[in-house]
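Next comes entry_10.txt, with compact mmCIF, C-alpha atoms and all ligand atoms.
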```
# COMPACT_ATOMS: atom_id res chain seq x y z
CA MET A 1 -105.13 2.71 -16.10
CA SER A 2 -103.90 -0.86 -15.79
CA GLY A 3 -106.38 -3.36 -14.42
CA LEU A 4 -103.65 -4.82 -12.22
CA ALA A 5 -104.45 -2.64 -9.20
CA ALA A 6 -102.02 -4.47 -6.91
CA ALA A 7 -99.16 -4.64 -9.42
CA PRO A 8 -96.45 -2.00 -9.14
CA VAL A 9 -96.65 0.92 -11.54
CA LEU A 10 -92.87 0.80 -11.88
CA SER A 11 -90.63 -2.26 -11.72
CA VAL A 12 -86.91 -1.85 -12.24
CA SER A 13 -84.75 -4.96 -12.29
CA GLY A 14 -80.95 -5.30 -12.51
CA LEU A 15 -80.64 -1.88 -14.13
CA ARG A 16 -77.15 -0.84 -15.27
CA LYS A 17 -75.68 2.01 -17.26
CA ARG A 18 -71.99 2.34 -18.04
CA TYR A 19 -70.25 5.33 -19.57
CA GLY A 20 -67.03 3.79 -20.85
CA ASP A 21 -65.46 2.23 -17.77
CA THR A 22 -67.64 4.23 -15.35
CA PRO A 23 -70.73 2.48 -13.96
CA ALA A 24 -73.24 5.34 -13.46
CA VAL A 25 -75.98 2.87 -12.44
CA ASP A 26 -74.70 -0.47 -11.21
CA GLY A 27 -77.42 -3.10 -10.78
CA VAL A 28 -80.43 -1.32 -9.35
CA SER A 29 -83.74 -3.08 -8.59
CA PHE A 30 -86.83 -1.55 -7.00
CA ALA A 31 -90.58 -1.07 -7.43
CA VAL A 32 -93.06 1.74 -6.92
CA GLY A 33 -96.66 0.87 -6.06
CA ARG A 34 -99.87 2.71 -6.85
CA ARG A 35 -100.45 5.70 -4.52
CA GLU A 36 -96.91 5.28 -3.23
CA ILE A 37 -94.36 8.13 -3.14
CA VAL A 38 -90.80 6.81 -3.25
CA GLY A 39 -87.82 9.08 -2.70
CA LEU A 40 -84.72 8.49 -4.81
CA LEU A 41 -81.91 9.97 -2.72
CA GLY A 42 -78.18 10.15 -3.06
CA PRO A 43 -75.23 12.51 -3.31
CA ASN A 44 -74.35 14.38 -6.50
CA GLY A 45 -73.32 11.90 -9.16
CA ALA A 46 -74.99 8.90 -7.43
CA GLY A 47 -76.97 7.97 -10.56
CA LYS A 48 -80.44 9.42 -9.88
CA THR A 49 -80.87 11.36 -13.13
CA THR A 50 -79.37 8.51 -15.15
CA THR A 51 -81.95 6.15 -13.58
CA ILE A 52 -84.80 8.56 -14.38
CA ASN A 53 -83.58 9.02 -17.96
CA MET A 54 -83.59 5.26 -18.49
CA ILE A 55 -87.14 5.01 -17.10
CA LEU A 56 -88.12 7.78 -19.54
CA GLY A 57 -86.57 5.84 -22.43
CA VAL A 58 -84.17 8.74 -23.10
CA LEU A 59 -81.12 6.60 -22.26
CA GLU A 60 -80.74 2.96 -23.21
CA PRO A 61 -79.73 0.73 -20.26
CA SER A 62 -76.53 -1.31 -20.57
CA ALA A 63 -78.46 -4.13 -18.83
CA GLY A 64 -81.66 -4.79 -16.91
CA SER A 65 -85.33 -4.15 -17.45
CA ILE A 66 -87.93 -1.47 -16.70
CA ARG A 67 -91.69 -1.94 -16.68
CA VAL A 68 -94.24 0.87 -16.37
CA ALA A 69 -97.78 -0.35 -15.58
CA GLY A 70 -96.60 -3.78 -16.74
CA LEU A 71 -95.27 -2.45 -20.09
CA ASP A 72 -91.63 -3.17 -20.92
CA VAL A 73 -89.95 0.16 -21.77
CA ALA A 74 -87.50 -1.63 -24.13
CA THR A 75 -90.15 -3.31 -26.29
CA ARG A 76 -93.28 -1.17 -25.75
CA ARG A 77 -91.63 2.19 -25.30
CA SER A 78 -94.37 4.49 -26.61
CA LYS A 79 -97.15 2.71 -24.69
CA ALA A 80 -95.06 2.80 -21.50
CA LEU A 81 -94.28 6.50 -22.02
CA GLU A 82 -97.97 7.29 -22.49
CA ARG A 83 -98.41 6.15 -18.88
CA THR A 84 -95.43 8.16 -17.59
CA SER A 85 -95.08 11.87 -16.80
CA PHE A 86 -92.04 13.86 -15.86
CA ALA A 87 -91.32 17.27 -14.35
CA ALA A 88 -88.00 18.96 -13.58
CA VAL A 89 -86.71 22.53 -13.53
CA TYR A 90 -84.32 21.71 -16.38
CA ALA A 91 -87.27 20.74 -18.62
CA PRO A 92 -89.36 23.95 -18.82
CA LEU A 93 -92.38 24.39 -21.09
CA PRO A 94 -91.86 26.25 -24.39
CA GLY A 95 -91.67 29.94 -23.46
CA ASN A 96 -93.49 31.45 -26.47
CA LEU A 97 -96.81 29.70 -25.77
CA SER A 98 -99.34 30.47 -23.05
CA LEU A 99 -99.62 28.07 -20.14
CA GLU A 100 -103.05 26.86 -21.26
CA ARG A 101 -101.90 26.32 -24.86
CA ASN A 102 -98.82 24.44 -23.68
CA LEU A 103 -100.95 22.12 -21.55
CA ARG A 104 -103.46 21.56 -24.37
CA ILE A 105 -100.75 20.73 -26.90
CA PHE A 106 -99.15 18.36 -24.44
CA GLY A 107 -102.53 16.68 -23.83
CA LEU A 108 -103.15 16.35 -27.58
CA LEU A 109 -99.67 14.90 -28.16
CA TYR A 110 -100.40 12.31 -25.49
CA GLY A 111 -103.82 11.53 -26.99
CA VAL A 112 -105.54 12.49 -23.73
CA PRO A 113 -109.32 12.04 -23.92
CA ASP A 114 -111.27 15.16 -22.89
CA VAL A 115 -108.19 17.40 -22.98
CA ARG A 116 -110.10 20.51 -21.94
CA ALA A 117 -111.29 18.93 -18.68
CA ARG A 118 -107.85 17.48 -17.91
CA VAL A 119 -106.16 20.85 -18.52
CA ASP A 120 -108.70 22.59 -16.29
CA ASP A 121 -108.16 19.98 -13.59
CA ALA A 122 -104.34 20.39 -13.71
CA ILE A 123 -104.62 24.20 -13.63
CA ARG A 124 -106.96 24.03 -10.66
CA ARG A 125 -104.78 21.56 -8.76
CA LEU A 126 -101.69 23.75 -9.11
CA ASP A 127 -103.54 27.04 -8.40
CA LEU A 128 -102.59 28.40 -11.82
CA ASP A 129 -105.91 29.87 -12.93
CA ALA A 130 -104.64 33.46 -12.85
CA LEU A 131 -101.70 32.49 -15.09
CA ARG A 132 -103.55 30.44 -17.69
CA GLY A 133 -103.15 33.04 -20.49
CA ARG A 134 -99.59 34.05 -19.57
CA LYS A 135 -96.69 33.03 -21.83
CA CYS A 136 -94.57 30.43 -20.04
CA GLY A 137 -91.36 32.33 -20.89
CA VAL A 138 -92.32 35.21 -18.59
CA LEU A 139 -93.34 33.10 -15.59
CA SER A 140 -91.16 33.32 -12.49
CA SER A 141 -89.07 30.23 -11.78
CA GLY A 142 -91.51 29.11 -9.07
CA GLU A 143 -94.46 29.61 -11.42
CA GLN A 144 -92.64 27.68 -14.15
CA THR A 145 -92.13 24.83 -11.73
CA ARG A 146 -95.86 24.72 -10.98
CA ALA A 147 -96.61 24.93 -14.72
CA SER A 148 -94.29 22.01 -15.40
CA LEU A 149 -96.02 20.00 -12.64
CA ALA A 150 -99.42 20.85 -14.15
CA LYS A 151 -98.18 19.55 -17.51
CA ALA A 152 -97.14 16.32 -15.81
CA LEU A 153 -100.67 15.80 -14.43
CA VAL A 154 -102.58 16.47 -17.68
CA SER A 155 -102.09 12.94 -19.06
CA ASP A 156 -103.37 11.33 -15.83
CA PRO A 157 -100.22 9.19 -15.59
CA ASP A 158 -99.73 5.89 -13.79
CA LEU A 159 -96.17 6.95 -12.99
CA LEU A 160 -94.98 10.43 -12.09
CA LEU A 161 -91.22 11.10 -12.17
CA LEU A 162 -90.32 14.28 -10.31
CA ASP A 163 -86.68 15.42 -10.34
CA GLU A 164 -86.30 17.92 -7.46
CA PRO A 165 -89.80 19.29 -8.03
CA THR A 166 -89.68 21.89 -5.26
CA ALA A 167 -86.08 23.08 -5.78
CA SER A 168 -87.07 26.62 -6.88
CA LEU A 169 -90.13 27.04 -4.64
CA ASP A 170 -90.47 29.10 -1.48
CA PRO A 171 -91.19 26.99 1.65
CA ALA A 172 -94.92 27.77 1.72
CA THR A 173 -95.43 26.95 -1.97
CA ALA A 174 -93.23 23.85 -1.64
CA ARG A 175 -95.42 22.56 1.21
CA ASP A 176 -98.52 23.28 -0.83
CA ILE A 177 -97.13 21.38 -3.79
CA ARG A 178 -96.30 18.38 -1.62
CA VAL A 179 -99.90 18.27 -0.39
CA LYS A 180 -101.22 18.56 -3.95
CA ILE A 181 -99.00 15.81 -5.34
CA ARG A 182 -99.99 13.56 -2.42
CA GLU A 183 -103.68 14.25 -3.16
CA PHE A 184 -103.20 13.57 -6.86
CA ALA A 185 -101.43 10.27 -6.22
CA ALA A 186 -104.12 9.16 -3.77
CA GLU A 187 -107.05 10.20 -5.96
CA ARG A 188 -105.74 9.02 -9.33
CA GLY A 189 -103.90 5.90 -8.13
CA CYS A 190 -100.58 7.02 -9.51
CA GLY A 191 -97.11 6.10 -8.18
CA VAL A 192 -94.44 8.77 -7.73
CA LEU A 193 -90.64 8.61 -7.89
CA TRP A 194 -89.35 11.82 -6.28
CA THR A 195 -85.74 13.01 -6.11
CA SER A 196 -84.78 15.62 -3.55
CA HIS A 197 -81.80 16.83 -1.57
CA ASN A 198 -84.13 18.26 1.09
CA MET A 199 -84.32 15.68 3.89
CA PHE A 200 -87.11 17.52 5.71
CA GLU A 201 -89.20 17.32 2.56
CA VAL A 202 -88.35 13.67 2.05
CA GLN A 203 -89.53 12.79 5.56
CA GLU A 204 -92.72 14.72 5.02
CA ILE A 205 -93.70 13.34 1.61
CA CYS A 206 -92.06 9.97 0.96
CA ASP A 207 -93.58 6.66 2.04
CA ARG A 208 -90.26 4.98 1.33
CA VAL A 209 -86.77 6.04 0.30
CA LEU A 210 -83.96 4.46 -1.70
CA PHE A 211 -80.44 5.70 -0.93
CA LEU A 212 -78.28 5.52 -4.02
CA SER A 213 -74.49 5.77 -3.87
CA HIS A 214 -72.11 5.11 -6.76
CA GLY A 215 -74.99 3.69 -8.76
CA ARG A 216 -76.12 1.16 -6.15
CA ILE A 217 -78.96 1.11 -3.62
CA LEU A 218 -77.32 1.01 -0.19
CA LEU A 219 -80.39 1.57 1.99
CA GLU A 220 -84.13 1.33 1.60
CA GLY A 221 -86.93 2.00 4.05
CA ASP A 222 -89.27 4.38 5.84
CA PRO A 223 -87.53 7.80 5.99
CA ARG A 224 -88.93 8.38 9.50
CA ALA A 225 -87.61 5.07 10.88
CA LEU A 226 -84.31 4.67 8.99
CA PRO A 227 -82.18 7.15 11.00
CA ALA A 228 -82.81 5.39 14.34
CA GLN A 229 -82.31 1.98 12.72
CA HIS A 230 -78.79 3.11 11.76
CA GLY A 231 -77.98 4.96 14.99
CA LYS A 232 -78.41 8.44 13.54
CA ALA A 233 -80.36 11.38 14.95
CA SER A 234 -81.79 12.54 11.64
CA LEU A 235 -82.20 11.59 8.00
CA GLU A 236 -79.73 14.31 7.09
CA GLU A 237 -77.06 12.76 9.35
CA LEU A 238 -77.74 9.36 7.84
CA PHE A 239 -77.54 10.81 4.34
CA ILE A 240 -74.15 12.39 5.08
CA ALA A 241 -72.85 9.15 6.57
CA VAL A 242 -74.00 7.15 3.53
CA ALA A 243 -72.50 9.70 1.16
CA ARG A 244 -69.15 9.74 2.97
CA GLU A 245 -68.76 6.11 3.90
CA PRO A 246 -70.88 3.95 1.63
CA LEU A 247 -68.57 0.97 2.11
CA SER A 248 -69.28 0.64 5.83
CA LEU A 249 -72.96 0.30 5.01
CA GLU A 250 -72.38 -2.20 2.23
CA GLN A 251 -70.45 -4.36 4.69
CA GLY A 252 -73.41 -4.32 7.07
CA ALA A 253 -72.00 -2.03 9.76
CA ALA A 254 -73.85 1.00 11.02
CA PRO A 255 -72.24 4.10 9.46
P1 LIG B 301 -76.99 15.11 -9.09
O1 LIG B 301 -77.54 14.97 -7.71
O2 LIG B 301 -75.71 15.89 -9.11
O3 LIG B 301 -77.97 15.56 -10.13
P2 LIG B 301 -77.23 12.33 -10.04
O4 LIG B 301 -77.39 11.36 -8.91
O5 LIG B 301 -78.43 12.69 -10.79
O6 LIG B 301 -76.45 13.62 -9.52
P3 LIG B 301 -76.18 11.38 -12.56
O7 LIG B 301 -76.41 12.63 -13.33
O8 LIG B 301 -77.12 10.24 -12.80
O9 LIG B 301 -76.13 11.68 -11.00
O10 LIG B 301 -74.69 10.90 -12.85
C1 LIG B 301 -74.19 9.63 -12.40
C2 LIG B 301 -72.73 9.47 -12.86
O11 LIG B 301 -72.66 9.29 -14.28
C3 LIG B 301 -71.85 10.68 -12.55
O12 LIG B 301 -70.58 10.20 -12.17
C4 LIG B 301 -71.78 11.42 -13.87
O13 LIG B 301 -70.55 12.14 -13.99
C5 LIG B 301 -71.82 10.27 -14.87
N1 LIG B 301 -72.44 10.66 -16.16
C6 LIG B 301 -73.70 11.12 -16.34
N2 LIG B 301 -73.93 11.36 -17.64
C7 LIG B 301 -72.79 11.04 -18.30
C8 LIG B 301 -72.37 11.06 -19.66
N3 LIG B 301 -73.22 11.43 -20.63
N4 LIG B 301 -71.14 10.66 -19.96
C9 LIG B 301 -70.27 10.25 -19.00
N5 LIG B 301 -70.59 10.19 -17.68
C10 LIG B 301 -71.83 10.59 -17.34
```

Could the structure of this file be written out as structure tokens, please?
Amino acid sequence: MSGLAAAPVLSVSGLRKRYGDTPAVDGVSFAVGRREIVGLLGPNGAGKTTTINMILGVLEPSAGSIRVAGLDVATRRSKALERTSFAAVYAPLPGNLSLERNLRIFGLLYGVPDVRARVDDAIRRLDLDALRGRKCGVLSSGEQTRASLAKALVSDPDLLLLDEPTASLDPATARDIRVKIREFAAERGCGVLWTSHNMFEVQEICDRVLFLSHGRILLEGDPRALPAQHGKASLEELFIAVAREPLSLEQGAAP
């Protein structure tokens, strides 16, 4: 891990991505600290996945900079990516390999020291011991989600990017996963960027949220305090107001 304990694990500055004339991400700046869980919220098409893909080095920004644990993703991409992990339902593990083999291969690809211990730790954290020898292709969607999260923990990342990590989980498992990710972040000093459309979940897990609309951050703050600050009864009401009338917020009025 970086020696800069107080420095953010993720710093995004003036980030932009255009597709032709369409600005998908339009000048976004934010940071994620160690042990901090930050929610990236916004309606469909707001620019969340595009932002995550730029942090992962999959998409090249049109402008702006991204640093992971102090490493510039543009100039030190592979080093920055070694410190980053990602999990999403649309990125499942190869189905023809067992869970354990998948995690081992992933650990080896990342050059993880003591791969066996890290794989065991990830399997234990996600309660996957009974499924260790099972091929990933036959896991249920909820089990695959947990497997994908286990993969993300193997490399002991500084930054964890989770795109709707509980979308396919039943409420009890989803709660369990939230607790486990919180524990992991606290114990290992990792920062988490978490996208979700579930406002209850966001209030439970996120220390801070960023509301994205049309590629811009319109609101930022504590998800438990933000609704009252904007005259709304709940985070869901605030979300709907931001999604429907982003301009009123940009102009400083309560939605
Ligand atoms: P969702 O909640 O639906 O997943 P999102 O916030 O992740 O949405 P993005 O997938 O980042 O949104 O998309 C942001 C905008 O960029 C959308 O208007 C989308 O149509 C557009 N977009 C994304 N990828 C491309 C592409 N390859 N070419 C053109 N436009 C794109």

Could you list, as a PDB file with C-alpha atoms, keeping the file's coordinate frame, all protein and nucleic acid residues with an atom at most 10 Å from ligand LIG 301 (chain B), counting only C-alpha atoms and all ligand atoms?
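As written to disk, pocket09.pdb reads:
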```
ATOM      1  CA  LYS A  17     -75.680   2.010 -17.260  1.00  0.00           C
ATOM      2  CA  ARG A  18     -71.990   2.340 -18.040  1.00  0.00           C
ATOM      3  CA  TYR A  19     -70.250   5.330 -19.570  1.00  0.00           C
ATOM      4  CA  GLY A  20     -67.030   3.790 -20.850  1.00  0.00           C
ATOM      5  CA  ASP A  21     -65.460   2.230 -17.770  1.00  0.00           C
ATOM      6  CA  THR A  22     -67.640   4.230 -15.350  1.00  0.00           C
ATOM      7  CA  PRO A  23     -70.730   2.480 -13.960  1.00  0.00           C
ATOM      8  CA  ALA A  24     -73.240   5.340 -13.460  1.00  0.00           C
ATOM      9  CA  VAL A  25     -75.980   2.870 -12.440  1.00  0.00           C
ATOM     10  CA  LEU A  40     -84.720   8.490  -4.810  1.00  0.00           C
ATOM     11  CA  LEU A  41     -81.910   9.970  -2.720  1.00  0.00           C
ATOM     12  CA  GLY A  42     -78.180  10.150  -3.060  1.00  0.00           C
ATOM     13  CA  PRO A  43     -75.230  12.510  -3.310  1.00  0.00           C
ATOM     14  CA  ASN A  44     -74.350  14.380  -6.500  1.00  0.00           C
ATOM     15  CA  GLY A  45     -73.320  11.900  -9.160  1.00  0.00           C
ATOM     16  CA  ALA A  46     -74.990   8.900  -7.430  1.00  0.00           C
ATOM     17  CA  GLY A  47     -76.970   7.970 -10.560  1.00  0.00           C
ATOM     18  CA  LYS A  48     -80.440   9.420  -9.880  1.00  0.00           C
ATOM     19  CA  THR A  49     -80.870  11.360 -13.130  1.00  0.00           C
ATOM     20  CA  THR A  50     -79.370   8.510 -15.150  1.00  0.00           C
ATOM     21  CA  THR A  51     -81.950   6.150 -13.580  1.00  0.00           C
ATOM     22  CA  ILE A  52     -84.800   8.560 -14.380  1.00  0.00           C
ATOM     23  CA  ASN A  53     -83.580   9.020 -17.960  1.00  0.00           C
ATOM     24  CA  MET A  54     -83.590   5.260 -18.490  1.00  0.00           C
ATOM     25  CA  LEU A  59     -81.120   6.600 -22.260  1.00  0.00           C
ATOM     26  CA  ASP A 163     -86.680  15.420 -10.340  1.00  0.00           C
ATOM     27  CA  GLU A 164     -86.300  17.920  -7.460  1.00  0.00           C
ATOM     28  CA  THR A 195     -85.740  13.010  -6.110  1.00  0.00           C
ATOM     29  CA  SER A 196     -84.780  15.620  -3.550  1.00  0.00           C
ATOM     30  CA  HIS A 197     -81.800  16.830  -1.570  1.00  0.00           C
ATOM     31  CA  LEU A 212     -78.280   5.520  -4.020  1.00  0.00           C
ATOM     32  CA  SER A 213     -74.490   5.770  -3.870  1.00  0.00           C
ATOM     33  CA  HIS A 214     -72.110   5.110  -6.760  1.00  0.00           C
ATOM     34  CA  GLY A 215     -74.990   3.690  -8.760  1.00  0.00           C
TER      35      GLY A 215
END
```

Tell me which of A:Leu219, A:Leu10, A:Val242, A:Val73 sits closest to A:Ile37, counting only C-alpha atoms.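 Smallest separation from A:Ile37 among the options: A:Leu10.
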
Using only C-alpha atoms, determine which residues lie at most 9 Å from A:Ala150, disregarding the query and same-chain residues fewer than 2 positions distant; provide the list as an NGL selection string. :A and (87 or 103 or 119 or 121-126 or 128 or 145-148 or 152-154)

State, in Å with one decimal place, the distance from atom CA of A:Gly95 to atom CA of A:Ile181. 24.1 Å

I'd like the contact shell of A:Ala7 - 8 Å cut-off, all atoms listed in the file, skipping same-chain residues fewer than 4 positions apart - returned as a short mmCIF file (atom, residue, chain, number, x, y, z; two decimals) with C-alpha atoms, keeping the file's coordinate frame.
```
data_model
loop_
_atom_site.label_atom_id
_atom_site.label_comp_id
_atom_site.auth_asym_id
_atom_site.auth_seq_id
_atom_site.Cartn_x
_atom_site.Cartn_y
_atom_site.Cartn_z
CA GLY A 33 -96.66 0.87 -6.06
CA ARG A 34 -99.87 2.71 -6.85
CA ALA A 69 -97.78 -0.35 -15.58
CA GLY A 70 -96.60 -3.78 -16.74
#
```

Do you have the atom CA of A:Ala88-atom CA of A:Phe211 distance handy?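 About the pair atom CA of A:Ala88 and atom CA of A:Phe211: they are 19.8 Å apart.
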
Minimum-distance residue to A:Pro171, chosen among A:Trp194, A:Phe200, A:Phe239, A:Phe184 (using only C-alpha atoms):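 Under the stated criterion, the closest residue is A:Phe200.
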
d(atom CA of A:Gly191, atom CA of A:Pro227) in Å: 24.3 Å

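In this comparison, which uses all atoms listed in the file, the residue of A:Ala243, A:Leu193, A:Ala185, A:Ala63 approaching A:Asp26 most closely is A:Ala63.
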
Neighbour list for A:Ala80 as a short mmCIF file (atom, residue, chain, number, x, y, z; two decimals) with C-alpha atoms, keeping the file's coordinate frame, cut-off 7 Å, all atoms listed in the file, skip fewer than 4 positions in-chain:
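Final file, out-v1.cif:
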```
data_model
loop_
_atom_site.label_atom_id
_atom_site.label_comp_id
_atom_site.auth_asym_id
_atom_site.auth_seq_id
_atom_site.Cartn_x
_atom_site.Cartn_y
_atom_site.Cartn_z
CA VAL A 68 -94.24 0.87 -16.37
CA LEU A 71 -95.27 -2.45 -20.09
CA ASP A 72 -91.63 -3.17 -20.92
CA VAL A 73 -89.95 0.16 -21.77
CA ARG A 76 -93.28 -1.17 -25.75
CA THR A 84 -95.43 8.16 -17.59
#
```

Which residues come within 7 Å of A:Arg208, counting all atoms listed in the file, excluding same-chain residues fewer than 6 positions away, as a PyMOL selection string? chain A and resi 37-39+221-223

I need the residue nearest A:Ser85 from this list: A:Ser13, A:Thr173, A:Gln203, A:Ser155. Use all atoms listed in the file for the distance.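 Ranking A:Ser13, A:Thr173, A:Gln203, A:Ser155 by distance to A:Ser85, first place goes to A:Ser155.
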
Within 10 Å of A:Ile105, counting only C-alpha atoms, which residues qualify if same-chain residues fewer than 5 places away don't, as a list in words?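 Here the qualifying residues turn out to be Leu97, Glu100, Tyr110, Gly111, Val115, Val119 and Lys151 of chain A.
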
When you write stretch 162-179 of chain A out from the block above, keep N, CA, C and O atoms and present the result as a PDB file, in the first residue's frame, please.
```
ATOM      1  N   LEU A 162     -17.084  -0.825  -7.299  1.00  0.00           N
ATOM      2  CA  LEU A 162     -18.189  -1.790  -7.270  1.00  0.00           C
ATOM      3  C   LEU A 162     -19.380  -1.204  -8.012  1.00  0.00           C
ATOM      4  O   LEU A 162     -19.965  -0.206  -7.573  1.00  0.00           O
ATOM      5  N   ASP A 163     -19.718  -1.805  -9.163  1.00  0.00           N
ATOM      6  CA  ASP A 163     -20.836  -1.302  -9.963  1.00  0.00           C
ATOM      7  C   ASP A 163     -22.069  -2.135  -9.629  1.00  0.00           C
ATOM      8  O   ASP A 163     -22.168  -3.289 -10.035  1.00  0.00           O
ATOM      9  N   GLU A 164     -22.974  -1.576  -8.866  1.00  0.00           N
ATOM     10  CA  GLU A 164     -24.195  -2.253  -8.384  1.00  0.00           C
ATOM     11  C   GLU A 164     -23.895  -3.649  -7.841  1.00  0.00           C
ATOM     12  O   GLU A 164     -24.408  -4.644  -8.346  1.00  0.00           O
ATOM     13  N   PRO A 165     -23.054  -3.721  -6.798  1.00  0.00           N
ATOM     14  CA  PRO A 165     -22.569  -5.030  -6.343  1.00  0.00           C
ATOM     15  C   PRO A 165     -23.630  -5.922  -5.713  1.00  0.00           C
ATOM     16  O   PRO A 165     -23.421  -7.123  -5.626  1.00  0.00           O
ATOM     17  N   THR A 166     -24.760  -5.363  -5.308  1.00  0.00           N
ATOM     18  CA  THR A 166     -25.766  -6.209  -4.656  1.00  0.00           C
ATOM     19  C   THR A 166     -27.014  -6.378  -5.522  1.00  0.00           C
ATOM     20  O   THR A 166     -28.040  -6.869  -5.047  1.00  0.00           O
ATOM     21  N   ALA A 167     -26.916  -5.993  -6.809  1.00  0.00           N
ATOM     22  CA  ALA A 167     -28.112  -5.952  -7.670  1.00  0.00           C
ATOM     23  C   ALA A 167     -28.821  -7.303  -7.755  1.00  0.00           C
ATOM     24  O   ALA A 167     -30.037  -7.354  -7.837  1.00  0.00           O
ATOM     25  N   SER A 168     -28.079  -8.417  -7.742  1.00  0.00           N
ATOM     26  CA  SER A 168     -28.742  -9.726  -7.920  1.00  0.00           C
ATOM     27  C   SER A 168     -28.846 -10.499  -6.604  1.00  0.00           C
ATOM     28  O   SER A 168     -29.100 -11.696  -6.612  1.00  0.00           O
ATOM     29  N   LEU A 169     -28.644  -9.816  -5.478  1.00  0.00           N
ATOM     30  CA  LEU A 169     -28.633 -10.533  -4.189  1.00  0.00           C
ATOM     31  C   LEU A 169     -29.959 -10.372  -3.447  1.00  0.00           C
ATOM     32  O   LEU A 169     -30.600  -9.317  -3.521  1.00  0.00           O
ATOM     33  N   ASP A 170     -30.338 -11.427  -2.700  1.00  0.00           N
ATOM     34  CA  ASP A 170     -31.529 -11.307  -1.868  1.00  0.00           C
ATOM     35  C   ASP A 170     -31.210 -10.343  -0.715  1.00  0.00           C
ATOM     36  O   ASP A 170     -30.031 -10.098  -0.420  1.00  0.00           O
ATOM     37  N   PRO A 171     -32.228  -9.771  -0.065  1.00  0.00           N
ATOM     38  CA  PRO A 171     -31.974  -8.721   0.936  1.00  0.00           C
ATOM     39  C   PRO A 171     -31.042  -9.155   2.069  1.00  0.00           C
ATOM     40  O   PRO A 171     -30.207  -8.368   2.525  1.00  0.00           O
ATOM     41  N   ALA A 172     -31.165 -10.417   2.507  1.00  0.00           N
ATOM     42  CA  ALA A 172     -30.311 -10.861   3.620  1.00  0.00           C
ATOM     43  C   ALA A 172     -28.854 -10.960   3.169  1.00  0.00           C
ATOM     44  O   ALA A 172     -27.934 -10.497   3.867  1.00  0.00           O
ATOM     45  N   THR A 173     -28.629 -11.544   1.985  1.00  0.00           N
ATOM     46  CA  THR A 173     -27.261 -11.659   1.476  1.00  0.00           C
ATOM     47  C   THR A 173     -26.690 -10.270   1.182  1.00  0.00           C
ATOM     48  O   THR A 173     -25.520  -9.995   1.459  1.00  0.00           O
ATOM     49  N   ALA A 174     -27.543  -9.392   0.626  1.00  0.00           N
ATOM     50  CA  ALA A 174     -27.075  -8.038   0.300  1.00  0.00           C
ATOM     51  C   ALA A 174     -26.598  -7.324   1.567  1.00  0.00           C
ATOM     52  O   ALA A 174     -25.537  -6.691   1.582  1.00  0.00           O
ATOM     53  N   ARG A 175     -27.346  -7.474   2.651  1.00  0.00           N
ATOM     54  CA  ARG A 175     -26.944  -6.834   3.915  1.00  0.00           C
ATOM     55  C   ARG A 175     -25.616  -7.395   4.409  1.00  0.00           C
ATOM     56  O   ARG A 175     -24.731  -6.657   4.834  1.00  0.00           O
ATOM     57  N   ASP A 176     -25.506  -8.715   4.301  1.00  0.00           N
ATOM     58  CA  ASP A 176     -24.286  -9.408   4.693  1.00  0.00           C
ATOM     59  C   ASP A 176     -23.074  -8.892   3.919  1.00  0.00           C
ATOM     60  O   ASP A 176     -22.001  -8.646   4.483  1.00  0.00           O
ATOM     61  N   ILE A 177     -23.282  -8.732   2.623  1.00  0.00           N
ATOM     62  CA  ILE A 177     -22.196  -8.268   1.744  1.00  0.00           C
ATOM     63  C   ILE A 177     -21.783  -6.848   2.123  1.00  0.00           C
ATOM     64  O   ILE A 177     -20.599  -6.519   2.175  1.00  0.00           O
ATOM     65  N   ARG A 178     -22.768  -6.014   2.436  1.00  0.00           N
ATOM     66  CA  ARG A 178     -22.443  -4.639   2.820  1.00  0.00           C
ATOM     67  C   ARG A 178     -21.550  -4.637   4.060  1.00  0.00           C
ATOM     68  O   ARG A 178     -20.557  -3.909   4.132  1.00  0.00           O
ATOM     69  N   VAL A 179     -21.915  -5.482   5.026  1.00  0.00           N
ATOM     70  CA  VAL A 179     -21.120  -5.566   6.264  1.00  0.00           C
ATOM     71  C   VAL A 179     -19.698  -6.033   5.927  1.00  0.00           C
ATOM     72  O   VAL A 179     -18.710  -5.490   6.425  1.00  0.00           O
TER      73      VAL A 179
END
```
